[in-house]
Amino acid sequence: MISLDNGILATANFQTIVLSFNAGDTVFQCGAPAQFVYVVSKGALCRFRPLPGGRRSILQFFFAGDGFGCEPGRYHRDTVQALTDTEVRAAGRKALVAASKSQCSAAFFAAAARALVIADEQSVCLRGRTATQRTTLFLVEMQTRLSTGNQIVLPMSRKHISDYMGLTVETASRAMNELRRAKIIEIPDHEPRRIIIRNKARLEKLASDASQFELWKQSRHCRMSQGRRDRFNDSSTPDRSGLQLTI
């Protein structure tokens with residue numbers, strides 16, 4: 001997790017500002033000038049790319065300590081939107097570059113750069129995976145980044161999750177139910193966004209079989225964000241139960 005305490009900020013040669021957003025607010029849109037680099041103080045956001053026909057591809061979720069907004073060009077390639085009431089600290093991009101040797105500048109750039117690296121790695125890991133494998137990887141990511149004990153309280157809707165995994169809502173629901181029937185996870189009837197990990201060893205084994213599981217263990221230590229840039233074909237096997245998970 002990136003920590004920007006008052007001591008670091010006091011020694012910097014530039015100012016940072018604290019910005020607050022309500023759930024659903026847009027931090028910046030695709031095509032907007034990339035003037036600031038951000039670090040999340042609290043809350044949750046998602047980064048997505050608009051697609052033809054009003055669709056979107058969610059590439060990343062951001063939580064406390066994650067950096068975003070560092071672009072190689074002059075304009076943002078994606079849109080970032082708040083999932084919950086959120087607070088971020090922003091610094092001007094030009095000022096960060098000018099003060100690149102400062103501890104504060106390094107913290108902003110490090111947060112944003114590591115987030116992009118893990119996003120690229122996850123994109124590669126998910127290529128050709130089944131719906132169940134993608135769902136398992138998603139749960140492992142959330143477990144390493146958001147869990148308290150064996151429980152995960154998700155800040156995103158089922159539509160956000162399916163757009164992130166590159167699946168339809170129905171297919172993502174069938175995959176979740178497959179894990180429920182296997183008693184790997186439990187989802188309380190009246191708390192659809194709370195997931196209880198009942199068999200952590202099996203969940204991690206499924207994730208390790210599907211990807212480089214060490215990536216998530218490192219993520220837990222660094223509190224780094226994870227994302228993806230590609231959408232994949234839905235290769236799941238239909239579930240005959242007829243059950244659907246509402247998140």
# chains A, B, ... in the order shown; residues from 1 in each chain; ligands from 1
>>> residues_around(residues="Gln81 (chain A)", least_positions_apart="4", cutoff="12 Å", atoms="only C-alpha atoms", output="count of residues only")
31
>>> closest_residue(among="A:Pro155, A:Gly73, A:Gly149, A:Pro33", to="Ile196 (chain A)", atoms="only C-alpha atoms")
A:Gly149
>>> atom_distance(atom1="CA of Gly92 (chain A)", atom2="CA of Phe63 (chain A)")
20.6 Å
>>> atom_distance(atom1="CA of Thr136 (chain A)", atom2="CA of Leu83 (chain A)")
21.7 Å
>>> closest_residue(among="A:Leu146, A:Arg174, A:Val40, A:Ile195", to="Ser162 (chain A)", atoms="only C-alpha atoms")
A:Arg174
>>> closest_residue(among="A:Lys159, A:Gly65, A:Ile152, A:Glu170", to="Pro188 (chain A)", atoms="only C-alpha atoms")
A:Ile152
>>> residues_around(residues="Thr16 (chain A)", least_positions_apart="4", cutoff="9 Å", atoms="only C-alpha atoms", output="list in words")
Leu9, Arg89, Ala90, Ala91 and Gly92 of chain A
>>> atom_distance(atom1="CA of Ala131 (chain A)", atom2="CA of Gly166 (chain A)")
8.9 Å
